[in-house]
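File shown here: model_13.cif, holding mmCIF, N, CA and C atoms.
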data_final
#
loop_
_atom_site.group_PDB
_atom_site.id
_atom_site.type_symbol
_atom_site.label_atom_id
_atom_site.label_comp_id
_atom_site.auth_asym_id
_atom_site.auth_seq_id
_atom_site.Cartn_x
_atom_site.Cartn_y
_atom_site.Cartn_z
ATOM 1 N N MET A 1 15.460 38.991 -28.411
ATOM 2 C CA MET A 1 15.090 37.874 -29.265
ATOM 3 C C MET A 1 14.758 36.660 -28.390
ATOM 4 N N THR A 2 13.640 35.998 -28.669
ATOM 5 C CA THR A 2 13.237 34.845 -27.877
ATOM 6 C C THR A 2 13.792 33.563 -28.487
ATOM 7 N N TRP A 3 13.884 32.548 -27.651
ATOM 8 C CA TRP A 3 14.416 31.270 -28.085
ATOM 9 C C TRP A 3 13.484 30.631 -29.110
ATOM 10 N N GLN A 4 14.061 29.960 -30.102
ATOM 11 C CA GLN A 4 13.325 29.240 -31.128
ATOM 12 C C GLN A 4 13.874 27.817 -31.210
ATOM 13 N N PRO A 5 13.048 26.840 -31.607
ATOM 14 C CA PRO A 5 13.550 25.472 -31.756
ATOM 15 C C PRO A 5 14.754 25.428 -32.688
ATOM 16 N N GLY A 6 15.751 24.671 -32.301
ATOM 17 C CA GLY A 6 16.971 24.551 -33.089
ATOM 18 C C GLY A 6 18.078 25.474 -32.620
ATOM 19 N N MET A 7 17.725 26.460 -31.802
ATOM 20 C CA MET A 7 18.730 27.377 -31.265
ATOM 21 C C MET A 7 19.264 26.821 -29.950
ATOM 22 N N PRO A 8 20.508 27.171 -29.583
ATOM 23 C CA PRO A 8 21.032 26.697 -28.304
ATOM 24 C C PRO A 8 20.320 27.381 -27.128
ATOM 25 N N VAL A 9 20.213 26.653 -26.026
ATOM 26 C CA VAL A 9 19.638 27.202 -24.798
ATOM 27 C C VAL A 9 20.801 27.770 -23.993
ATOM 28 N N VAL A 10 20.872 29.107 -23.917
ATOM 29 C CA VAL A 10 22.023 29.752 -23.296
ATOM 30 C C VAL A 10 21.636 30.473 -22.006
ATOM 31 N N THR A 11 20.647 31.325 -22.086
ATOM 32 C CA THR A 11 20.281 32.155 -20.942
ATOM 33 C C THR A 11 19.143 31.521 -20.151
ATOM 34 N N GLU A 12 18.860 32.092 -18.998
ATOM 35 C CA GLU A 12 17.726 31.623 -18.194
ATOM 36 C C GLU A 12 16.417 31.830 -18.948
ATOM 37 N N GLN A 13 16.327 32.926 -19.684
ATOM 38 C CA GLN A 13 15.116 33.181 -20.470
ATOM 39 C C GLN A 13 14.988 32.143 -21.587
ATOM 40 N N ASP A 14 16.110 31.781 -22.216
ATOM 41 C CA ASP A 14 16.085 30.722 -23.230
ATOM 42 C C ASP A 14 15.561 29.427 -22.616
ATOM 43 N N HIS A 15 16.032 29.121 -21.411
ATOM 44 C CA HIS A 15 15.603 27.892 -20.745
ATOM 45 C C HIS A 15 14.106 27.939 -20.441
ATOM 46 N N ALA A 16 13.624 29.068 -19.970
ATOM 47 C CA ALA A 16 12.192 29.210 -19.680
ATOM 48 C C ALA A 16 11.369 29.067 -20.960
ATOM 49 N N ASP A 17 11.829 29.708 -22.047
ATOM 50 C CA ASP A 17 11.132 29.609 -23.339
ATOM 51 C C ASP A 17 11.139 28.167 -23.841
ATOM 52 N N TRP A 18 12.294 27.487 -23.682
ATOM 53 C CA TRP A 18 12.414 26.102 -24.119
ATOM 54 C C TRP A 18 11.457 25.213 -23.341
ATOM 55 N N GLN A 19 11.346 25.441 -22.009
ATOM 56 C CA GLN A 19 10.440 24.637 -21.183
ATOM 57 C C GLN A 19 8.993 24.793 -21.664
ATOM 58 N N VAL A 20 8.593 26.023 -21.979
ATOM 59 C CA VAL A 20 7.232 26.258 -22.474
ATOM 60 C C VAL A 20 7.039 25.535 -23.799
ATOM 61 N N TRP A 21 7.996 25.673 -24.724
ATOM 62 C CA TRP A 21 7.908 25.023 -26.034
ATOM 63 C C TRP A 21 7.849 23.504 -25.873
ATOM 64 N N ARG A 22 8.701 22.972 -24.990
ATOM 65 C CA ARG A 22 8.779 21.527 -24.784
ATOM 66 C C ARG A 22 7.449 20.982 -24.250
ATOM 67 N N ARG A 23 6.871 21.674 -23.274
ATOM 68 C CA ARG A 23 5.596 21.220 -22.710
ATOM 69 C C ARG A 23 4.492 21.263 -23.759
ATOM 70 N N GLU A 24 4.418 22.352 -24.524
ATOM 71 C CA GLU A 24 3.398 22.464 -25.576
ATOM 72 C C GLU A 24 3.575 21.372 -26.617
ATOM 73 N N ARG A 25 4.826 21.086 -26.973
ATOM 74 C CA ARG A 25 5.119 20.051 -27.967
ATOM 75 C C ARG A 25 4.709 18.677 -27.455
ATOM 76 N N LYS A 26 5.034 18.379 -26.195
ATOM 77 C CA LYS A 26 4.655 17.084 -25.621
ATOM 78 C C LYS A 26 3.137 16.918 -25.579
ATOM 79 N N LEU A 27 2.431 17.964 -25.210
ATOM 80 C CA LEU A 27 0.975 17.894 -25.174
ATOM 81 C C LEU A 27 0.395 17.698 -26.568
ATOM 82 N N GLU A 28 0.970 18.374 -27.553
ATOM 83 C CA GLU A 28 0.517 18.221 -28.939
ATOM 84 C C GLU A 28 0.770 16.797 -29.424
ATOM 85 N N GLN A 29 1.939 16.249 -29.113
ATOM 86 C CA GLN A 29 2.253 14.882 -29.509
ATOM 87 C C GLN A 29 1.323 13.882 -28.821
ATOM 88 N N GLN A 30 0.997 14.136 -27.561
ATOM 89 C CA GLN A 30 0.086 13.240 -26.849
ATOM 90 C C GLN A 30 -1.312 13.274 -27.469
ATOM 91 N N ARG A 31 -1.791 14.474 -27.824
ATOM 92 C CA ARG A 31 -3.102 14.578 -28.473
ATOM 93 C C ARG A 31 -3.109 13.821 -29.796
ATOM 94 N N GLU A 32 -2.041 13.939 -30.563
ATOM 95 C CA GLU A 32 -1.941 13.238 -31.849
ATOM 96 C C GLU A 32 -1.926 11.724 -31.632
ATOM 97 N N ARG A 33 -1.153 11.275 -30.642
ATOM 98 C CA ARG A 33 -1.079 9.847 -30.338
ATOM 99 C C ARG A 33 -2.454 9.319 -29.935
ATOM 100 N N ARG A 34 -3.152 10.046 -29.086
ATOM 101 C CA ARG A 34 -4.475 9.608 -28.646
ATOM 102 C C ARG A 34 -5.491 9.640 -29.782
ATOM 103 N N ARG A 35 -5.292 10.541 -30.739
ATOM 104 C CA ARG A 35 -6.199 10.629 -31.874
ATOM 105 C C ARG A 35 -6.001 9.460 -32.834
ATOM 106 N N THR A 36 -4.769 8.994 -32.973
ATOM 107 C CA THR A 36 -4.463 7.989 -33.995
ATOM 108 C C THR A 36 -4.264 6.576 -33.459
ATOM 109 N N GLU A 37 -3.937 6.425 -32.190
ATOM 110 C CA GLU A 37 -3.619 5.107 -31.641
ATOM 111 C C GLU A 37 -4.765 4.580 -30.789
ATOM 112 N N ARG A 38 -5.026 3.295 -30.900
ATOM 113 C CA ARG A 38 -6.029 2.626 -30.072
ATOM 114 C C ARG A 38 -5.444 2.411 -28.682
ATOM 115 N N ARG A 39 -6.251 2.636 -27.682
ATOM 116 C CA ARG A 39 -5.810 2.400 -26.311
ATOM 117 C C ARG A 39 -6.784 1.437 -25.654
ATOM 118 N N ILE A 40 -6.216 0.439 -25.005
ATOM 119 C CA ILE A 40 -7.030 -0.559 -24.318
ATOM 120 C C ILE A 40 -6.552 -0.630 -22.873
ATOM 121 N N ASP A 41 -7.434 -0.331 -21.936
ATOM 122 C CA ASP A 41 -7.118 -0.523 -20.522
ATOM 123 C C ASP A 41 -7.421 -1.976 -20.195
ATOM 124 N N TYR A 42 -6.441 -2.668 -19.659
ATOM 125 C CA TYR A 42 -6.567 -4.098 -19.440
ATOM 126 C C TYR A 42 -6.054 -4.442 -18.050
ATOM 127 N N TYR A 43 -6.879 -5.084 -17.284
ATOM 128 C CA TYR A 43 -6.501 -5.554 -15.961
ATOM 129 C C TYR A 43 -6.551 -7.082 -15.986
ATOM 130 N N PRO A 44 -5.396 -7.720 -16.147
ATOM 131 C CA PRO A 44 -5.389 -9.173 -16.289
ATOM 132 C C PRO A 44 -5.702 -9.880 -14.977
ATOM 133 N N SER A 45 -6.184 -11.111 -15.110
ATOM 134 C CA SER A 45 -6.367 -11.967 -13.935
ATOM 135 C C SER A 45 -4.982 -12.320 -13.394
ATOM 136 N N LYS A 46 -4.928 -12.905 -12.222
ATOM 137 C CA LYS A 46 -3.644 -13.301 -11.644
ATOM 138 C C LYS A 46 -2.935 -14.308 -12.539
ATOM 139 N N GLU A 47 -3.707 -15.220 -13.125
ATOM 140 C CA GLU A 47 -3.120 -16.234 -14.003
ATOM 141 C C GLU A 47 -2.543 -15.590 -15.268
ATOM 142 N N ALA A 48 -3.305 -14.695 -15.870
ATOM 143 C CA ALA A 48 -2.837 -14.014 -17.083
ATOM 144 C C ALA A 48 -1.630 -13.128 -16.771
ATOM 145 N N ALA A 49 -1.663 -12.449 -15.631
ATOM 146 C CA ALA A 49 -0.534 -11.591 -15.239
ATOM 147 C C ALA A 49 0.742 -12.410 -15.067
ATOM 148 N N ALA A 50 0.614 -13.605 -14.526
ATOM 149 C CA ALA A 50 1.789 -14.465 -14.351
ATOM 150 C C ALA A 50 2.394 -14.849 -15.696
ATOM 151 N N ILE A 51 1.547 -15.143 -16.667
ATOM 152 C CA ILE A 51 2.033 -15.489 -18.016
ATOM 153 C C ILE A 51 2.698 -14.278 -18.659
ATOM 154 N N ILE A 52 2.048 -13.128 -18.567
ATOM 155 C CA ILE A 52 2.590 -11.897 -19.153
ATOM 156 C C ILE A 52 3.934 -11.564 -18.511
ATOM 157 N N ASP A 53 4.023 -11.670 -17.196
ATOM 158 C CA ASP A 53 5.272 -11.351 -16.499
ATOM 159 C C ASP A 53 6.410 -12.260 -16.929
ATOM 160 N N GLN A 54 6.114 -13.525 -17.244
ATOM 161 C CA GLN A 54 7.153 -14.444 -17.716
ATOM 162 C C GLN A 54 7.714 -14.028 -19.070
ATOM 163 N N LEU A 55 6.897 -13.345 -19.871
ATOM 164 C CA LEU A 55 7.309 -12.958 -21.220
ATOM 165 C C LEU A 55 7.977 -11.586 -21.268
ATOM 166 N N ARG A 56 7.901 -10.820 -20.185
ATOM 167 C CA ARG A 56 8.507 -9.482 -20.161
ATOM 168 C C ARG A 56 10.020 -9.577 -20.050
ATOM 169 N N THR A 57 10.701 -8.674 -20.747
ATOM 170 C CA THR A 57 12.160 -8.580 -20.666
ATOM 171 C C THR A 57 12.535 -7.103 -20.697
ATOM 172 N N PRO A 58 13.751 -6.770 -20.267
ATOM 173 C CA PRO A 58 14.185 -5.376 -20.333
ATOM 174 C C PRO A 58 14.687 -4.990 -21.733
ATOM 175 N N TYR A 59 14.500 -5.862 -22.695
ATOM 176 C CA TYR A 59 15.010 -5.629 -24.045
ATOM 177 C C TYR A 59 13.867 -5.294 -24.996
ATOM 178 N N ALA A 60 14.218 -4.938 -26.216
ATOM 179 C CA ALA A 60 13.207 -4.628 -27.235
ATOM 180 C C ALA A 60 12.268 -5.819 -27.386
ATOM 181 N N GLY A 61 10.977 -5.544 -27.402
ATOM 182 C CA GLY A 61 9.984 -6.588 -27.536
ATOM 183 C C GLY A 61 9.508 -7.152 -26.212
ATOM 184 N N GLY A 62 10.076 -6.692 -25.108
ATOM 185 C CA GLY A 62 9.698 -7.197 -23.802
ATOM 186 C C GLY A 62 8.780 -6.278 -23.024
ATOM 187 N N ASP A 63 8.383 -5.160 -23.637
ATOM 188 C CA ASP A 63 7.458 -4.255 -22.954
ATOM 189 C C ASP A 63 6.043 -4.836 -23.007
ATOM 190 N N LEU A 64 5.150 -4.311 -22.186
ATOM 191 C CA LEU A 64 3.801 -4.873 -22.093
ATOM 192 C C LEU A 64 3.061 -4.846 -23.420
ATOM 193 N N SER A 65 3.171 -3.761 -24.172
ATOM 194 C CA SER A 65 2.465 -3.694 -25.457
ATOM 195 C C SER A 65 2.954 -4.781 -26.408
ATOM 196 N N SER A 66 4.262 -4.958 -26.483
ATOM 197 C CA SER A 66 4.817 -5.976 -27.378
ATOM 198 C C SER A 66 4.414 -7.381 -26.938
ATOM 199 N N VAL A 67 4.424 -7.628 -25.629
ATOM 200 C CA VAL A 67 4.037 -8.943 -25.123
ATOM 201 C C VAL A 67 2.579 -9.229 -25.463
ATOM 202 N N LEU A 68 1.690 -8.255 -25.210
ATOM 203 C CA LEU A 68 0.273 -8.461 -25.521
ATOM 204 C C LEU A 68 0.055 -8.617 -27.020
ATOM 205 N N ASN A 69 0.789 -7.854 -27.837
ATOM 206 C CA ASN A 69 0.678 -8.009 -29.293
ATOM 207 C C ASN A 69 1.083 -9.419 -29.717
ATOM 208 N N ARG A 70 2.163 -9.934 -29.113
ATOM 209 C CA ARG A 70 2.623 -11.283 -29.455
ATOM 210 C C ARG A 70 1.584 -12.334 -29.040
ATOM 211 N N ILE A 71 1.022 -12.177 -27.850
ATOM 212 C CA ILE A 71 0.012 -13.137 -27.383
ATOM 213 C C ILE A 71 -1.200 -13.128 -28.304
ATOM 214 N N VAL A 72 -1.687 -11.947 -28.652
ATOM 215 C CA VAL A 72 -2.860 -11.847 -29.535
ATOM 216 C C VAL A 72 -2.529 -12.398 -30.915
ATOM 217 N N GLY A 73 -1.344 -12.081 -31.440
ATOM 218 C CA GLY A 73 -0.946 -12.589 -32.754
ATOM 219 C C GLY A 73 -0.850 -14.100 -32.790
ATOM 220 N N GLU A 74 -0.240 -14.676 -31.753
ATOM 221 C CA GLU A 74 -0.110 -16.131 -31.697
ATOM 222 C C GLU A 74 -1.474 -16.790 -31.516
ATOM 223 N N TRP A 75 -2.348 -16.217 -30.718
ATOM 224 C CA TRP A 75 -3.705 -16.735 -30.534
ATOM 225 C C TRP A 75 -4.459 -16.673 -31.854
ATOM 226 N N SER A 76 -4.314 -15.554 -32.557
ATOM 227 C CA SER A 76 -5.006 -15.382 -33.841
ATOM 228 C C SER A 76 -4.541 -16.433 -34.848
ATOM 229 N N ALA A 77 -3.234 -16.646 -34.931
ATOM 230 C CA ALA A 77 -2.698 -17.635 -35.862
ATOM 231 C C ALA A 77 -3.175 -19.052 -35.502
ATOM 232 N N ALA A 78 -3.194 -19.362 -34.199
ATOM 233 C CA ALA A 78 -3.624 -20.685 -33.768
ATOM 234 C C ALA A 78 -5.120 -20.893 -33.985
ATOM 235 N N SER A 79 -5.880 -19.792 -33.956
ATOM 236 C CA SER A 79 -7.343 -19.880 -34.134
ATOM 237 C C SER A 79 -7.774 -19.780 -35.587
ATOM 238 N N GLY A 80 -6.821 -19.470 -36.448
ATOM 239 C CA GLY A 80 -7.152 -19.315 -37.868
ATOM 240 C C GLY A 80 -7.804 -17.974 -38.184
ATOM 241 N N ILE A 81 -7.693 -17.015 -37.268
ATOM 242 C CA ILE A 81 -8.252 -15.664 -37.484
ATOM 243 C C ILE A 81 -7.155 -14.785 -38.064
ATOM 244 N N LYS A 82 -7.533 -14.054 -39.117
ATOM 245 C CA LYS A 82 -6.541 -13.184 -39.761
ATOM 246 C C LYS A 82 -6.881 -11.747 -39.601
#
Serialized structure, structure tokens:
Amino acid sequence: MTWQPGMPVVTEQDHADWQVWRRERKLEQQRERRRTERRIDYYPSKEAAAIIDQLRTPYAGGDLSSVLNRIVGEWSAASGIK
């Protein structure tokens, strides 16, 4: 019997089966994320990078995506763009 999701990983074969399942699952999730989520490659100027770095924290909301979302949201509100 081969390993199935939800079953314990006990034997070496279970571990090998789990690794294959895990890799396939991660690739499937990545394809779904890329299909549904917008991705923007952004290389900030030195000045912009300094501002972004000041806003980064190791806590929730301090990651680069959250910081850029906050900057764009605040700019939009200040510009009257909705």
Handout entry: Atom-to-atom span, atom CA of A:Val9 and atom CA of A:Leu27, Å
Key =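 Going from atom CA of A:Val9 over to atom CA of A:Leu27 covers 20.9 Å.
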Practice task
Run DSSP on the backbone and give me the residues of chain A it puts in alpha helix (DSSP H), as a PyMOL selection string.
Solution key: chain A and resi 12-36+46-55+64-79
Practice task
Determine, counting only C-alpha atoms, which protein, DNA and RNA residues have an atom within 8 Å of an atom of A:Ile52; residues of the same chain fewer than 3 positions away are not included. Present the result as a PyMOL selection string.
Solution key: chain A and resi 48-49+55-56+64+67-68
Completion exercise
Taken to one decimal, the atom CA of A:Arg33-atom CA of A:Ile51 distance is 28.3 Å
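Here atom C of A:Gly73 and atom C of A:Glu32 stand 25.9 Å from one another.
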As a PDB file, keeping the file's coordinate frame, the rebuilt stretch 17-28 of chain A with all heavy atoms:
ATOM      1  N   ASP A  17      11.829  29.708 -22.047  1.00  0.00           N
ATOM      2  CA  ASP A  17      11.132  29.609 -23.339  1.00  0.00           C
ATOM      3  C   ASP A  17      11.139  28.167 -23.841  1.00  0.00           C
ATOM      4  O   ASP A  17      10.155  27.670 -24.370  1.00  0.00           O
ATOM      5  CB  ASP A  17      11.774  30.524 -24.381  1.00  0.00           C
ATOM      6  CG  ASP A  17      11.576  31.997 -24.084  1.00  0.00           C
ATOM      7  OD1 ASP A  17      10.692  32.325 -23.258  1.00  0.00           O
ATOM      8  OD2 ASP A  17      12.304  32.816 -24.675  1.00  0.00           O
ATOM      9  N   TRP A  18      12.294  27.487 -23.682  1.00  0.00           N
ATOM     10  CA  TRP A  18      12.414  26.102 -24.119  1.00  0.00           C
ATOM     11  C   TRP A  18      11.457  25.213 -23.341  1.00  0.00           C
ATOM     12  O   TRP A  18      10.816  24.334 -23.915  1.00  0.00           O
ATOM     13  CB  TRP A  18      13.855  25.634 -23.941  1.00  0.00           C
ATOM     14  CG  TRP A  18      14.031  24.180 -24.218  1.00  0.00           C
ATOM     15  CD1 TRP A  18      14.071  23.575 -25.439  1.00  0.00           C
ATOM     16  CD2 TRP A  18      14.146  23.130 -23.248  1.00  0.00           C
ATOM     17  NE1 TRP A  18      14.217  22.217 -25.293  1.00  0.00           N
ATOM     18  CE2 TRP A  18      14.270  21.919 -23.952  1.00  0.00           C
ATOM     19  CE3 TRP A  18      14.167  23.107 -21.861  1.00  0.00           C
ATOM     20  CZ2 TRP A  18      14.403  20.699 -23.309  1.00  0.00           C
ATOM     21  CZ3 TRP A  18      14.308  21.892 -21.223  1.00  0.00           C
ATOM     22  CH2 TRP A  18      14.424  20.708 -21.947  1.00  0.00           C
ATOM     23  N   GLN A  19      11.346  25.441 -22.009  1.00  0.00           N
ATOM     24  CA  GLN A  19      10.440  24.637 -21.183  1.00  0.00           C
ATOM     25  C   GLN A  19       8.993  24.793 -21.664  1.00  0.00           C
ATOM     26  O   GLN A  19       8.255  23.818 -21.743  1.00  0.00           O
ATOM     27  CB  GLN A  19      10.538  25.060 -19.701  1.00  0.00           C
ATOM     28  CG  GLN A  19      11.817  24.635 -19.031  1.00  0.00           C
ATOM     29  CD  GLN A  19      11.817  23.173 -18.645  1.00  0.00           C
ATOM     30  OE1 GLN A  19      11.083  22.357 -19.162  1.00  0.00           O
ATOM     31  NE2 GLN A  19      12.688  22.838 -17.705  1.00  0.00           N
ATOM     32  N   VAL A  20       8.593  26.023 -21.979  1.00  0.00           N
ATOM     33  CA  VAL A  20       7.232  26.258 -22.474  1.00  0.00           C
ATOM     34  C   VAL A  20       7.039  25.535 -23.799  1.00  0.00           C
ATOM     35  O   VAL A  20       6.039  24.834 -24.014  1.00  0.00           O
ATOM     36  CB  VAL A  20       6.964  27.771 -22.628  1.00  0.00           C
ATOM     37  CG1 VAL A  20       5.679  28.034 -23.393  1.00  0.00           C
ATOM     38  CG2 VAL A  20       6.935  28.444 -21.265  1.00  0.00           C
ATOM     39  N   TRP A  21       7.996  25.673 -24.724  1.00  0.00           N
ATOM     40  CA  TRP A  21       7.908  25.023 -26.034  1.00  0.00           C
ATOM     41  C   TRP A  21       7.849  23.504 -25.873  1.00  0.00           C
ATOM     42  O   TRP A  21       7.041  22.832 -26.506  1.00  0.00           O
ATOM     43  CB  TRP A  21       9.124  25.417 -26.881  1.00  0.00           C
ATOM     44  CG  TRP A  21       9.220  24.632 -28.147  1.00  0.00           C
ATOM     45  CD1 TRP A  21       8.554  24.870 -29.316  1.00  0.00           C
ATOM     46  CD2 TRP A  21      10.012  23.455 -28.370  1.00  0.00           C
ATOM     47  NE1 TRP A  21       8.889  23.917 -30.244  1.00  0.00           N
ATOM     48  CE2 TRP A  21       9.784  23.041 -29.693  1.00  0.00           C
ATOM     49  CE3 TRP A  21      10.896  22.736 -27.583  1.00  0.00           C
ATOM     50  CZ2 TRP A  21      10.407  21.924 -30.240  1.00  0.00           C
ATOM     51  CZ3 TRP A  21      11.513  21.634 -28.126  1.00  0.00           C
ATOM     52  CH2 TRP A  21      11.262  21.239 -29.444  1.00  0.00           C
ATOM     53  N   ARG A  22       8.701  22.972 -24.990  1.00  0.00           N
ATOM     54  CA  ARG A  22       8.779  21.527 -24.784  1.00  0.00           C
ATOM     55  C   ARG A  22       7.449  20.982 -24.250  1.00  0.00           C
ATOM     56  O   ARG A  22       6.948  19.968 -24.718  1.00  0.00           O
ATOM     57  CB  ARG A  22       9.904  21.223 -23.802  1.00  0.00           C
ATOM     58  CG  ARG A  22      10.108  19.766 -23.522  1.00  0.00           C
ATOM     59  CD  ARG A  22      11.353  19.598 -22.652  1.00  0.00           C
ATOM     60  NE  ARG A  22      11.470  18.227 -22.225  1.00  0.00           N
ATOM     61  CZ  ARG A  22      11.237  17.791 -20.990  1.00  0.00           C
ATOM     62  NH1 ARG A  22      10.893  18.637 -20.044  1.00  0.00           N
ATOM     63  NH2 ARG A  22      11.366  16.534 -20.686  1.00  0.00           N
ATOM     64  N   ARG A  23       6.871  21.674 -23.274  1.00  0.00           N
ATOM     65  CA  ARG A  23       5.596  21.220 -22.710  1.00  0.00           C
ATOM     66  C   ARG A  23       4.492  21.263 -23.759  1.00  0.00           C
ATOM     67  O   ARG A  23       3.714  20.310 -23.900  1.00  0.00           O
ATOM     68  CB  ARG A  23       5.215  22.080 -21.512  1.00  0.00           C
ATOM     69  CG  ARG A  23       3.850  21.751 -20.960  1.00  0.00           C
ATOM     70  CD  ARG A  23       3.766  21.968 -19.477  1.00  0.00           C
ATOM     71  NE  ARG A  23       2.444  21.744 -18.939  1.00  0.00           N
ATOM     72  CZ  ARG A  23       1.877  20.565 -18.762  1.00  0.00           C
ATOM     73  NH1 ARG A  23       2.519  19.469 -19.077  1.00  0.00           N
ATOM     74  NH2 ARG A  23       0.657  20.451 -18.255  1.00  0.00           N
ATOM     75  N   GLU A  24       4.418  22.352 -24.524  1.00  0.00           N
ATOM     76  CA  GLU A  24       3.398  22.464 -25.576  1.00  0.00           C
ATOM     77  C   GLU A  24       3.575  21.372 -26.617  1.00  0.00           C
ATOM     78  O   GLU A  24       2.604  20.773 -27.082  1.00  0.00           O
ATOM     79  CB  GLU A  24       3.455  23.840 -26.228  1.00  0.00           C
ATOM     80  CG  GLU A  24       2.956  24.951 -25.318  1.00  0.00           C
ATOM     81  CD  GLU A  24       3.173  26.332 -25.911  1.00  0.00           C
ATOM     82  OE1 GLU A  24       3.755  26.448 -27.019  1.00  0.00           O
ATOM     83  OE2 GLU A  24       2.774  27.303 -25.242  1.00  0.00           O
ATOM     84  N   ARG A  25       4.826  21.086 -26.973  1.00  0.00           N
ATOM     85  CA  ARG A  25       5.119  20.051 -27.967  1.00  0.00           C
ATOM     86  C   ARG A  25       4.709  18.677 -27.455  1.00  0.00           C
ATOM     87  O   ARG A  25       4.104  17.878 -28.173  1.00  0.00           O
ATOM     88  CB  ARG A  25       6.601  20.070 -28.309  1.00  0.00           C
ATOM     89  CG  ARG A  25       6.978  19.071 -29.378  1.00  0.00           C
ATOM     90  CD  ARG A  25       8.396  19.328 -29.865  1.00  0.00           C
ATOM     91  NE  ARG A  25       8.723  18.391 -30.903  1.00  0.00           N
ATOM     92  CZ  ARG A  25       9.444  17.273 -30.710  1.00  0.00           C
ATOM     93  NH1 ARG A  25       9.905  16.983 -29.510  1.00  0.00           N
ATOM     94  NH2 ARG A  25       9.709  16.458 -31.696  1.00  0.00           N
ATOM     95  N   LYS A  26       5.034  18.379 -26.195  1.00  0.00           N
ATOM     96  CA  LYS A  26       4.655  17.084 -25.621  1.00  0.00           C
ATOM     97  C   LYS A  26       3.137  16.918 -25.579  1.00  0.00           C
ATOM     98  O   LYS A  26       2.618  15.848 -25.875  1.00  0.00           O
ATOM     99  CB  LYS A  26       5.239  16.927 -24.223  1.00  0.00           C
ATOM    100  CG  LYS A  26       6.717  16.598 -24.225  1.00  0.00           C
ATOM    101  CD  LYS A  26       7.183  16.307 -22.820  1.00  0.00           C
ATOM    102  CE  LYS A  26       8.582  15.787 -22.823  1.00  0.00           C
ATOM    103  NZ  LYS A  26       8.679  14.406 -23.253  1.00  0.00           N
ATOM    104  N   LEU A  27       2.431  17.964 -25.210  1.00  0.00           N
ATOM    105  CA  LEU A  27       0.975  17.894 -25.174  1.00  0.00           C
ATOM    106  C   LEU A  27       0.395  17.698 -26.568  1.00  0.00           C
ATOM    107  O   LEU A  27      -0.548  16.920 -26.766  1.00  0.00           O
ATOM    108  CB  LEU A  27       0.392  19.147 -24.520  1.00  0.00           C
ATOM    109  CG  LEU A  27       0.652  19.282 -23.019  1.00  0.00           C
ATOM    110  CD1 LEU A  27       0.185  20.644 -22.520  1.00  0.00           C
ATOM    111  CD2 LEU A  27      -0.030  18.163 -22.245  1.00  0.00           C
ATOM    112  N   GLU A  28       0.970  18.374 -27.553  1.00  0.00           N
ATOM    113  CA  GLU A  28       0.517  18.221 -28.939  1.00  0.00           C
ATOM    114  C   GLU A  28       0.770  16.797 -29.424  1.00  0.00           C
ATOM    115  O   GLU A  28      -0.093  16.185 -30.062  1.00  0.00           O
ATOM    116  CB  GLU A  28       1.247  19.220 -29.831  1.00  0.00           C
ATOM    117  CG  GLU A  28       0.851  19.160 -31.274  1.00  0.00           C
ATOM    118  CD  GLU A  28       1.620  20.168 -32.125  1.00  0.00           C
ATOM    119  OE1 GLU A  28       2.003  21.223 -31.606  1.00  0.00           O
ATOM    120  OE2 GLU A  28       1.841  19.858 -33.311  1.00  0.00           O
TER     121      GLU A  28
END
